[in-house]
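Have a look at the structure below before the remarks.
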Amino acid sequence: MAGLYLASQSPRRTELLTQVGIDHIVVSSAYEEANKGYDDPIEMVKEQALGKARAAVGVPEGSIVLGADTIVVLDNQVLGKPHDESEARHMLERLSGQVHSVITGVALLIKGQEIVFHNETKVYFKKLAPFEIESYIASGEPMDKAGAYGIQGKGALWVENIEGSYTNVVGLPVEHVYDELCKALGAK
Ligand SMILES: Cc1cn([C@H]2C[C@H](O)[C@@H](COP(=O)(O)OP(=O)(O)OP(=O)(O)O)O2)c(=O)[nH]c1=O
């Protein structure tokens with residue numbers, strides 16, 4: 001297989017690929033994310049993922065490139081990464097006791113094709129007490145994560161149930177990526 005280049009600075013995405021044995025090289029992307037101006041959250045994450053993949057830096061000709069973008073959607077409103085602690089607090093207060101979706105858009109540039117897809121997971125959140133939100137914010141965990149929580153960290157305490165892919169919530173639906181890679185390479 002041609003080399004796979006992951007155009008992402010997210011430590012979770014490279015960890016997930018490594019965990020399932022998909023060899024890859026991490027590179028940066030010159031793409032500037034812009035979460036505004038989209039009516040449809042699914043179109044938005046797909047566009048952002050494609051933008052990140054297309055703008056991957058230092059990728060040799062003929063390589064496979066992977067870009068991804070993850071958001072939380074609650075009541076048709078998009079929650080991205082919080083800009084500051086007060087935004088993180090506001091997001092967690094809104095997620096408390098509710099069901100939300102985590103949507104990841106994925107773009108694969110492979111053999112001259114652009115394969116773009118998304119994956120959606122429903123997440124059922126417990127009710128959070130104010131002291132829990134405050135200590136979570138103090139831990140610093142929310143700040144680089146869509147919706148201000150990490151299911152793979154302390155946020156796991158608040159997740160009652162999920163419907164769909166767990167790895168999708170963490171930032172990359174590896175089972176879906178694997179299937180698309182196999183299809184594109186004619187391996188399965
Ligand atoms: C909901 C949720 C999100 N996240 C993370 C995954 C993503 O890294 C992040 C969403 O931000 P993204 O903009 O998708 O990704 P990123 O900025 O971290 O990395 P890059 O653009 O370079 O690829 O939220 C978790 O780690 N756990 C969770 O439970």
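Chain labels follow the order of the structure tokens: the first chain is A, the next B, and so on; residue numbering restarts at 1 in every chain, and ligands are counted from 1 in their shown order.
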A:Lys52 surroundings by only C-alpha atoms, 7 Å radius, close-in-sequence under 3 positions cut, as an MDAnalysis selection string: chainID A and resid 7 29 31 48:49 55:56 67
Output all heavy atoms for every residue in that selection, as a PDB file, in the first residue's frame.
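Writing the result to again.pdb gives the following:
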```pdb
ATOM      1  N   ALA A   7      -3.218  13.987   8.026  1.00  0.00           N
ATOM      2  CA  ALA A   7      -3.084  15.449   8.108  1.00  0.00           C
ATOM      3  C   ALA A   7      -3.833  15.948   9.336  1.00  0.00           C
ATOM      4  O   ALA A   7      -4.931  16.494   9.239  1.00  0.00           O
ATOM      5  CB  ALA A   7      -3.642  16.082   6.830  1.00  0.00           C
ATOM      6  N   SER A  29      -1.449  20.368   8.347  1.00  0.00           N
ATOM      7  CA  SER A  29      -2.288  20.833   7.238  1.00  0.00           C
ATOM      8  C   SER A  29      -2.318  22.349   7.297  1.00  0.00           C
ATOM      9  O   SER A  29      -2.414  22.931   8.376  1.00  0.00           O
ATOM     10  CB  SER A  29      -3.704  20.276   7.382  1.00  0.00           C
ATOM     11  OG  SER A  29      -4.547  20.870   6.402  1.00  0.00           O
ATOM     12  N   TYR A  31      -4.673  24.076   6.196  1.00  0.00           N
ATOM     13  CA  TYR A  31      -6.084  24.483   6.108  1.00  0.00           C
ATOM     14  C   TYR A  31      -6.504  25.274   7.351  1.00  0.00           C
ATOM     15  O   TYR A  31      -6.153  24.911   8.472  1.00  0.00           O
ATOM     16  CB  TYR A  31      -6.951  23.242   5.970  1.00  0.00           C
ATOM     17  CG  TYR A  31      -8.419  23.526   5.767  1.00  0.00           C
ATOM     18  CD1 TYR A  31      -8.878  24.033   4.566  1.00  0.00           C
ATOM     19  CD2 TYR A  31      -9.349  23.285   6.789  1.00  0.00           C
ATOM     20  CE1 TYR A  31     -10.233  24.297   4.372  1.00  0.00           C
ATOM     21  CE2 TYR A  31     -10.689  23.535   6.599  1.00  0.00           C
ATOM     22  CZ  TYR A  31     -11.125  24.045   5.394  1.00  0.00           C
ATOM     23  OH  TYR A  31     -12.460  24.299   5.213  1.00  0.00           O
ATOM     24  N   GLN A  48     -14.691  20.351   5.888  1.00  0.00           N
ATOM     25  CA  GLN A  48     -13.496  20.648   6.706  1.00  0.00           C
ATOM     26  C   GLN A  48     -12.474  19.511   6.587  1.00  0.00           C
ATOM     27  O   GLN A  48     -11.273  19.753   6.496  1.00  0.00           O
ATOM     28  CB  GLN A  48     -13.855  20.804   8.191  1.00  0.00           C
ATOM     29  CG  GLN A  48     -14.950  21.789   8.482  1.00  0.00           C
ATOM     30  CD  GLN A  48     -14.450  23.222   8.558  1.00  0.00           C
ATOM     31  OE1 GLN A  48     -13.337  23.529   8.159  1.00  0.00           O
ATOM     32  NE2 GLN A  48     -15.267  24.101   9.050  1.00  0.00           N
ATOM     33  N   ALA A  49     -12.983  18.283   6.601  1.00  0.00           N
ATOM     34  CA  ALA A  49     -12.080  17.129   6.493  1.00  0.00           C
ATOM     35  C   ALA A  49     -11.362  17.157   5.143  1.00  0.00           C
ATOM     36  O   ALA A  49     -10.143  16.929   5.054  1.00  0.00           O
ATOM     37  CB  ALA A  49     -12.873  15.831   6.649  1.00  0.00           C
ATOM     38  N   ALA A  55      -4.929  20.198   1.984  1.00  0.00           N
ATOM     39  CA  ALA A  55      -3.864  21.143   2.353  1.00  0.00           C
ATOM     40  C   ALA A  55      -2.755  20.479   3.176  1.00  0.00           C
ATOM     41  O   ALA A  55      -1.971  21.163   3.837  1.00  0.00           O
ATOM     42  CB  ALA A  55      -4.465  22.322   3.124  1.00  0.00           C
ATOM     43  N   ALA A  56      -2.685  19.156   3.140  1.00  0.00           N
ATOM     44  CA  ALA A  56      -1.628  18.436   3.872  1.00  0.00           C
ATOM     45  C   ALA A  56      -0.258  18.880   3.357  1.00  0.00           C
ATOM     46  O   ALA A  56      -0.070  19.068   2.147  1.00  0.00           O
ATOM     47  CB  ALA A  56      -1.804  16.937   3.681  1.00  0.00           C
ATOM     48  N   GLY A  67      -7.788  13.193   6.215  1.00  0.00           N
ATOM     49  CA  GLY A  67      -8.128  14.363   7.030  1.00  0.00           C
ATOM     50  C   GLY A  67      -9.436  14.090   7.743  1.00  0.00           C
ATOM     51  O   GLY A  67     -10.268  13.323   7.250  1.00  0.00           O
TER      52      GLY A  67
END
```
Would you kindly return, as an mmCIF file with N, CA and C atoms, in the first residue's frame, each protein, DNA or RNA residue with an atom no farther than 10 Å from any atom of A:Gly51, considering only C-alpha atoms and excluding same-chain residues fewer than 6 positions away?
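As written to disk, result22.cif reads:
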```cif
data_model
loop_
_atom_site.group_PDB
_atom_site.id
_atom_site.type_symbol
_atom_site.label_atom_id
_atom_site.label_comp_id
_atom_site.auth_asym_id
_atom_site.auth_seq_id
_atom_site.Cartn_x
_atom_site.Cartn_y
_atom_site.Cartn_z
ATOM 1 N N SER A 29 -1.449 20.368 8.347
ATOM 2 C CA SER A 29 -2.288 20.833 7.238
ATOM 3 C C SER A 29 -2.318 22.349 7.297
ATOM 4 N N ALA A 30 -2.260 22.960 6.124
ATOM 5 C CA ALA A 30 -2.265 24.429 6.083
ATOM 6 C C ALA A 30 -3.699 24.973 6.059
ATOM 7 N N TYR A 31 -4.673 24.076 6.196
ATOM 8 C CA TYR A 31 -6.084 24.483 6.108
ATOM 9 C C TYR A 31 -6.504 25.274 7.351
ATOM 10 N N GLU A 32 -7.268 26.339 7.132
ATOM 11 C CA GLU A 32 -7.802 27.121 8.264
ATOM 12 C C GLU A 32 -9.250 26.736 8.451
ATOM 13 N N GLU A 33 -9.579 26.184 9.628
ATOM 14 C CA GLU A 33 -10.955 25.768 9.883
ATOM 15 C C GLU A 33 -11.883 26.964 10.016
ATOM 16 N N VAL A 45 -18.628 19.161 8.316
ATOM 17 C CA VAL A 45 -17.485 18.328 8.726
ATOM 18 C C VAL A 45 -16.820 17.660 7.519
ATOM 19 N N GLY A 67 -7.788 13.193 6.215
ATOM 20 C CA GLY A 67 -8.128 14.363 7.030
ATOM 21 C C GLY A 67 -9.436 14.090 7.743
ATOM 22 N N ALA A 68 -9.646 14.697 8.904
ATOM 23 C CA ALA A 68 -10.891 14.454 9.651
ATOM 24 C C ALA A 68 -11.287 15.681 10.455
ATOM 25 N N ASP A 69 -12.565 15.761 10.753
ATOM 26 C CA ASP A 69 -13.068 16.854 11.585
ATOM 27 C C ASP A 69 -14.230 16.342 12.436
ATOM 28 N N ALA A 107 -12.000 12.525 5.114
ATOM 29 C CA ALA A 107 -11.651 12.600 3.688
ATOM 30 C C ALA A 107 -10.408 11.760 3.449
#
```
For atom CA of A:Glu120 and atom CA of A:Glu163, the interatomic separation in Å (one decimal):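 According to the coordinates, atom CA of A:Glu120 and atom CA of A:Glu163 are separated by 8.8 Å.
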Taking 3 positions as the minimum chain separation for residues in the same chain, which residues sit within 8 Å of A:Val65 when counting only C-alpha atoms? Answer as a short mmCIF file (atom, residue, chain, number, x, y, z; two decimals) with all heavy atoms, in the first residue's frame.
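To be explicit, this is the file written out as selection08.cif:
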```
data_model
loop_
_atom_site.label_atom_id
_atom_site.label_comp_id
_atom_site.auth_asym_id
_atom_site.auth_seq_id
_atom_site.Cartn_x
_atom_site.Cartn_y
_atom_site.Cartn_z
N LEU A 4 0.47 6.15 3.96
CA LEU A 4 -0.69 6.90 4.44
C LEU A 4 -0.22 8.09 5.27
O LEU A 4 0.54 7.91 6.24
CB LEU A 4 -1.59 5.98 5.28
CG LEU A 4 -2.75 6.65 6.02
CD1 LEU A 4 -3.78 7.23 5.04
CD2 LEU A 4 -3.45 5.66 6.95
N TYR A 5 -0.66 9.27 4.89
CA TYR A 5 -0.30 10.49 5.61
C TYR A 5 -1.53 11.02 6.33
O TYR A 5 -2.56 11.27 5.69
CB TYR A 5 0.26 11.54 4.63
CG TYR A 5 1.66 11.18 4.21
CD1 TYR A 5 1.87 10.16 3.28
CD2 TYR A 5 2.78 11.80 4.75
CE1 TYR A 5 3.15 9.78 2.91
CE2 TYR A 5 4.06 11.44 4.39
CZ TYR A 5 4.25 10.42 3.47
OH TYR A 5 5.52 10.05 3.11
N LEU A 6 -1.41 11.17 7.65
CA LEU A 6 -2.52 11.69 8.45
C LEU A 6 -2.31 13.19 8.65
O LEU A 6 -1.37 13.61 9.33
CB LEU A 6 -2.54 10.98 9.82
CG LEU A 6 -3.50 11.54 10.86
CD1 LEU A 6 -4.96 11.36 10.44
CD2 LEU A 6 -3.25 10.88 12.23
N ALA A 7 -3.22 13.99 8.03
CA ALA A 7 -3.08 15.45 8.11
C ALA A 7 -3.83 15.95 9.34
O ALA A 7 -4.93 16.49 9.24
CB ALA A 7 -3.64 16.08 6.83
N ALA A 53 -7.34 17.57 4.35
CA ALA A 53 -6.59 16.57 3.56
C ALA A 53 -5.92 17.22 2.36
O ALA A 53 -4.73 16.97 2.08
CB ALA A 53 -7.53 15.45 3.12
N ARG A 54 -6.67 18.08 1.66
CA ARG A 54 -6.10 18.71 0.45
C ARG A 54 -4.91 19.60 0.79
O ARG A 54 -4.01 19.76 -0.04
CB ARG A 54 -7.17 19.57 -0.22
CG ARG A 54 -8.18 18.78 -1.04
CD ARG A 54 -9.19 19.75 -1.60
NE ARG A 54 -10.18 19.10 -2.46
CZ ARG A 54 -11.31 19.66 -2.83
NH1 ARG A 54 -11.62 20.89 -2.41
NH2 ARG A 54 -12.15 19.01 -3.60
N ALA A 56 -2.68 19.16 3.14
CA ALA A 56 -1.63 18.44 3.87
C ALA A 56 -0.26 18.88 3.36
O ALA A 56 -0.07 19.07 2.15
CB ALA A 56 -1.80 16.94 3.68
N VAL A 59 3.55 15.98 1.48
CA VAL A 59 3.13 14.61 1.14
C VAL A 59 3.66 14.24 -0.24
O VAL A 59 3.38 14.93 -1.23
CB VAL A 59 1.59 14.52 1.15
CG1 VAL A 59 1.13 13.15 0.69
CG2 VAL A 59 1.04 14.83 2.54
N ALA A 107 -12.00 12.52 5.11
CA ALA A 107 -11.65 12.60 3.69
C ALA A 107 -10.41 11.76 3.45
O ALA A 107 -9.42 11.86 4.18
CB ALA A 107 -11.38 14.04 3.29
N LEU A 108 -10.50 10.93 2.42
CA LEU A 108 -9.36 10.09 2.00
C LEU A 108 -8.99 10.48 0.57
O LEU A 108 -9.85 10.40 -0.33
CB LEU A 108 -9.77 8.63 1.99
CG LEU A 108 -9.70 7.83 3.28
CD1 LEU A 108 -10.35 6.46 3.07
CD2 LEU A 108 -8.26 7.65 3.75
N LEU A 109 -7.79 10.91 0.36
CA LEU A 109 -7.31 11.17 -1.00
C LEU A 109 -6.50 9.94 -1.39
O LEU A 109 -5.48 9.63 -0.77
CB LEU A 109 -6.43 12.41 -1.06
CG LEU A 109 -6.97 13.69 -0.37
CD1 LEU A 109 -6.08 14.88 -0.69
CD2 LEU A 109 -8.41 13.97 -0.79
N ILE A 110 -7.00 9.24 -2.39
CA ILE A 110 -6.38 7.96 -2.71
C ILE A 110 -6.52 7.66 -4.20
O ILE A 110 -7.63 7.78 -4.74
CB ILE A 110 -7.00 6.84 -1.81
CG1 ILE A 110 -6.36 5.49 -2.04
CG2 ILE A 110 -8.50 6.74 -1.93
CD1 ILE A 110 -6.69 4.47 -0.95
#
```
Which of stretch 62-173 of chain A fall in helix (DSSP H, G or I), as a ChimeraX atom specification: /A:85-95,130-139,141-144,146-148,154-158,166-170
Distance filter 9 Å around ligand 1, atoms: only C-alpha atoms and all ligand atoms, out as a count of residues only: 51
Option closest in space to A:Gly97, from A:Tyr38, A:Tyr136, A:Trp158, A:Tyr178 [counting only C-alpha atoms]: A:Trp158
Pairwise distance for atom CA of A:Ala2 and atom CA of A:Ile64, rounded to one decimal in Å: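 Separation between atom CA of A:Ala2 and atom CA of A:Ile64: 6.4 Å.
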Residue set, chain A restricted to strand (DSSP E or B), as number ranges by chain: A: 4-7, 25-27, 29, 56, 64-74, 77-79, 99-110, 113-125, 159-163
Writer output for current selection, C-alpha atoms, as an mmCIF file, in the first residue's frame:
```cif
data_model
loop_
_atom_site.group_PDB
_atom_site.id
_atom_site.type_symbol
_atom_site.label_atom_id
_atom_site.label_comp_id
_atom_site.auth_asym_id
_atom_site.auth_seq_id
_atom_site.Cartn_x
_atom_site.Cartn_y
_atom_site.Cartn_z
ATOM 1 C CA LEU A 4 -0.693 6.897 4.442
ATOM 2 C CA TYR A 5 -0.300 10.487 5.613
ATOM 3 C CA LEU A 6 -2.516 11.694 8.455
ATOM 4 C CA ALA A 7 -3.084 15.449 8.108
ATOM 5 C CA ILE A 25 2.954 9.371 9.058
ATOM 6 C CA VAL A 26 1.581 12.471 10.789
ATOM 7 C CA VAL A 27 1.835 15.735 8.854
ATOM 8 C CA SER A 29 -2.288 20.833 7.238
ATOM 9 C CA ALA A 56 -1.628 18.436 3.872
ATOM 10 C CA ILE A 64 -2.806 8.369 0.549
ATOM 11 C CA VAL A 65 -3.917 11.357 2.637
ATOM 12 C CA LEU A 66 -6.417 11.318 5.510
ATOM 13 C CA GLY A 67 -8.128 14.363 7.030
ATOM 14 C CA ALA A 68 -10.891 14.454 9.651
ATOM 15 C CA ASP A 69 -13.068 16.854 11.585
ATOM 16 C CA THR A 70 -15.193 16.137 14.657
ATOM 17 C CA ILE A 71 -18.071 18.165 16.082
ATOM 18 C CA VAL A 72 -20.803 17.771 18.663
ATOM 19 C CA VAL A 73 -24.363 18.598 17.619
ATOM 20 C CA LEU A 74 -27.023 19.384 20.205
ATOM 21 C CA GLN A 77 -26.491 23.528 17.080
ATOM 22 C CA VAL A 78 -22.831 22.808 16.478
ATOM 23 C CA LEU A 79 -20.445 22.705 19.436
ATOM 24 C CA VAL A 99 -28.600 13.280 24.180
ATOM 25 C CA HIS A 100 -26.262 14.691 21.526
ATOM 26 C CA SER A 101 -24.595 13.504 18.337
ATOM 27 C CA VAL A 102 -20.893 13.356 17.632
ATOM 28 C CA ILE A 103 -20.217 13.637 13.914
ATOM 29 C CA THR A 104 -16.843 13.065 12.294
ATOM 30 C CA GLY A 105 -16.234 13.918 8.662
ATOM 31 C CA VAL A 106 -13.421 11.973 6.997
ATOM 32 C CA ALA A 107 -11.651 12.600 3.688
ATOM 33 C CA LEU A 108 -9.359 10.095 2.001
ATOM 34 C CA LEU A 109 -7.311 11.169 -1.002
ATOM 35 C CA ILE A 110 -6.378 7.959 -2.710
ATOM 36 C CA GLN A 113 -10.010 10.031 -5.914
ATOM 37 C CA GLU A 114 -11.458 12.081 -3.078
ATOM 38 C CA ILE A 115 -13.510 9.798 -0.843
ATOM 39 C CA VAL A 116 -15.465 11.798 1.717
ATOM 40 C CA PHE A 117 -17.830 10.312 4.294
ATOM 41 C CA HIS A 118 -19.123 10.855 7.801
ATOM 42 C CA ASN A 119 -19.960 8.844 10.875
ATOM 43 C CA GLU A 120 -22.445 9.720 13.587
ATOM 44 C CA THR A 121 -22.695 8.461 17.174
ATOM 45 C CA LYS A 122 -25.456 9.270 19.652
ATOM 46 C CA VAL A 123 -24.205 9.979 23.171
ATOM 47 C CA TYR A 124 -26.469 9.940 26.249
ATOM 48 C CA PHE A 125 -25.101 12.198 28.980
ATOM 49 C CA VAL A 159 -21.620 8.897 29.461
ATOM 50 C CA GLU A 160 -24.600 6.691 30.212
ATOM 51 C CA ASN A 161 -24.804 5.053 26.820
ATOM 52 C CA ILE A 162 -23.727 5.439 23.210
ATOM 53 C CA GLU A 163 -25.292 4.295 19.952
#
```
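Atom pair atom CA of A:Gln19 / atom CA of A:Val57 has a distance of 24.1 Å (rounded to one decimal).
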Leaving out A:Pro130 and any residue of its chain fewer than 6 positions from it, which residues lie within 10 Å of it when counting only C-alpha atoms, given as a PDB file with all heavy atoms, in the first residue's frame?
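Output file out24.pdb follows:
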```
ATOM      1  N   ARG A  89     -17.716  25.704  30.057  1.00  0.00           N
ATOM      2  CA  ARG A  89     -18.741  25.564  31.108  1.00  0.00           C
ATOM      3  C   ARG A  89     -20.139  25.580  30.482  1.00  0.00           C
ATOM      4  O   ARG A  89     -20.990  24.744  30.796  1.00  0.00           O
ATOM      5  CB  ARG A  89     -18.581  26.722  32.101  1.00  0.00           C
ATOM      6  CG  ARG A  89     -19.511  26.647  33.306  1.00  0.00           C
ATOM      7  CD  ARG A  89     -19.206  27.740  34.307  1.00  0.00           C
ATOM      8  NE  ARG A  89     -17.882  27.625  34.874  1.00  0.00           N
ATOM      9  CZ  ARG A  89     -16.836  28.460  34.629  1.00  0.00           C
ATOM     10  NH1 ARG A  89     -16.996  29.491  33.819  1.00  0.00           N
ATOM     11  NH2 ARG A  89     -15.669  28.259  35.191  1.00  0.00           N
ATOM     12  N   LEU A  92     -20.862  22.313  28.633  1.00  0.00           N
ATOM     13  CA  LEU A  92     -21.120  21.181  29.535  1.00  0.00           C
ATOM     14  C   LEU A  92     -22.478  21.328  30.215  1.00  0.00           C
ATOM     15  O   LEU A  92     -23.197  20.333  30.392  1.00  0.00           O
ATOM     16  CB  LEU A  92     -19.994  21.064  30.570  1.00  0.00           C
ATOM     17  CG  LEU A  92     -18.643  20.640  29.963  1.00  0.00           C
ATOM     18  CD1 LEU A  92     -17.492  20.889  30.932  1.00  0.00           C
ATOM     19  CD2 LEU A  92     -18.678  19.158  29.556  1.00  0.00           C
ATOM     20  N   GLU A  93     -22.856  22.544  30.549  1.00  0.00           N
ATOM     21  CA  GLU A  93     -24.189  22.767  31.143  1.00  0.00           C
ATOM     22  C   GLU A  93     -25.285  22.375  30.151  1.00  0.00           C
ATOM     23  O   GLU A  93     -26.306  21.823  30.519  1.00  0.00           O
ATOM     24  CB  GLU A  93     -24.350  24.239  31.543  1.00  0.00           C
ATOM     25  CG  GLU A  93     -23.590  24.571  32.818  1.00  0.00           C
ATOM     26  CD  GLU A  93     -23.470  26.070  33.068  1.00  0.00           C
ATOM     27  OE1 GLU A  93     -23.938  26.879  32.237  1.00  0.00           O
ATOM     28  OE2 GLU A  93     -22.884  26.429  34.103  1.00  0.00           O
ATOM     29  N   TYR A 136     -13.924  19.491  36.421  1.00  0.00           N
ATOM     30  CA  TYR A 136     -13.524  19.014  35.088  1.00  0.00           C
ATOM     31  C   TYR A 136     -12.818  20.131  34.317  1.00  0.00           C
ATOM     32  O   TYR A 136     -11.775  19.900  33.686  1.00  0.00           O
ATOM     33  CB  TYR A 136     -14.769  18.537  34.329  1.00  0.00           C
ATOM     34  CG  TYR A 136     -14.446  17.798  33.047  1.00  0.00           C
ATOM     35  CD1 TYR A 136     -13.535  16.757  33.039  1.00  0.00           C
ATOM     36  CD2 TYR A 136     -15.067  18.148  31.857  1.00  0.00           C
ATOM     37  CE1 TYR A 136     -13.246  16.068  31.868  1.00  0.00           C
ATOM     38  CE2 TYR A 136     -14.786  17.457  30.678  1.00  0.00           C
ATOM     39  CZ  TYR A 136     -13.878  16.425  30.704  1.00  0.00           C
ATOM     40  OH  TYR A 136     -13.587  15.757  29.544  1.00  0.00           O
TER      41      TYR A 136
END
```
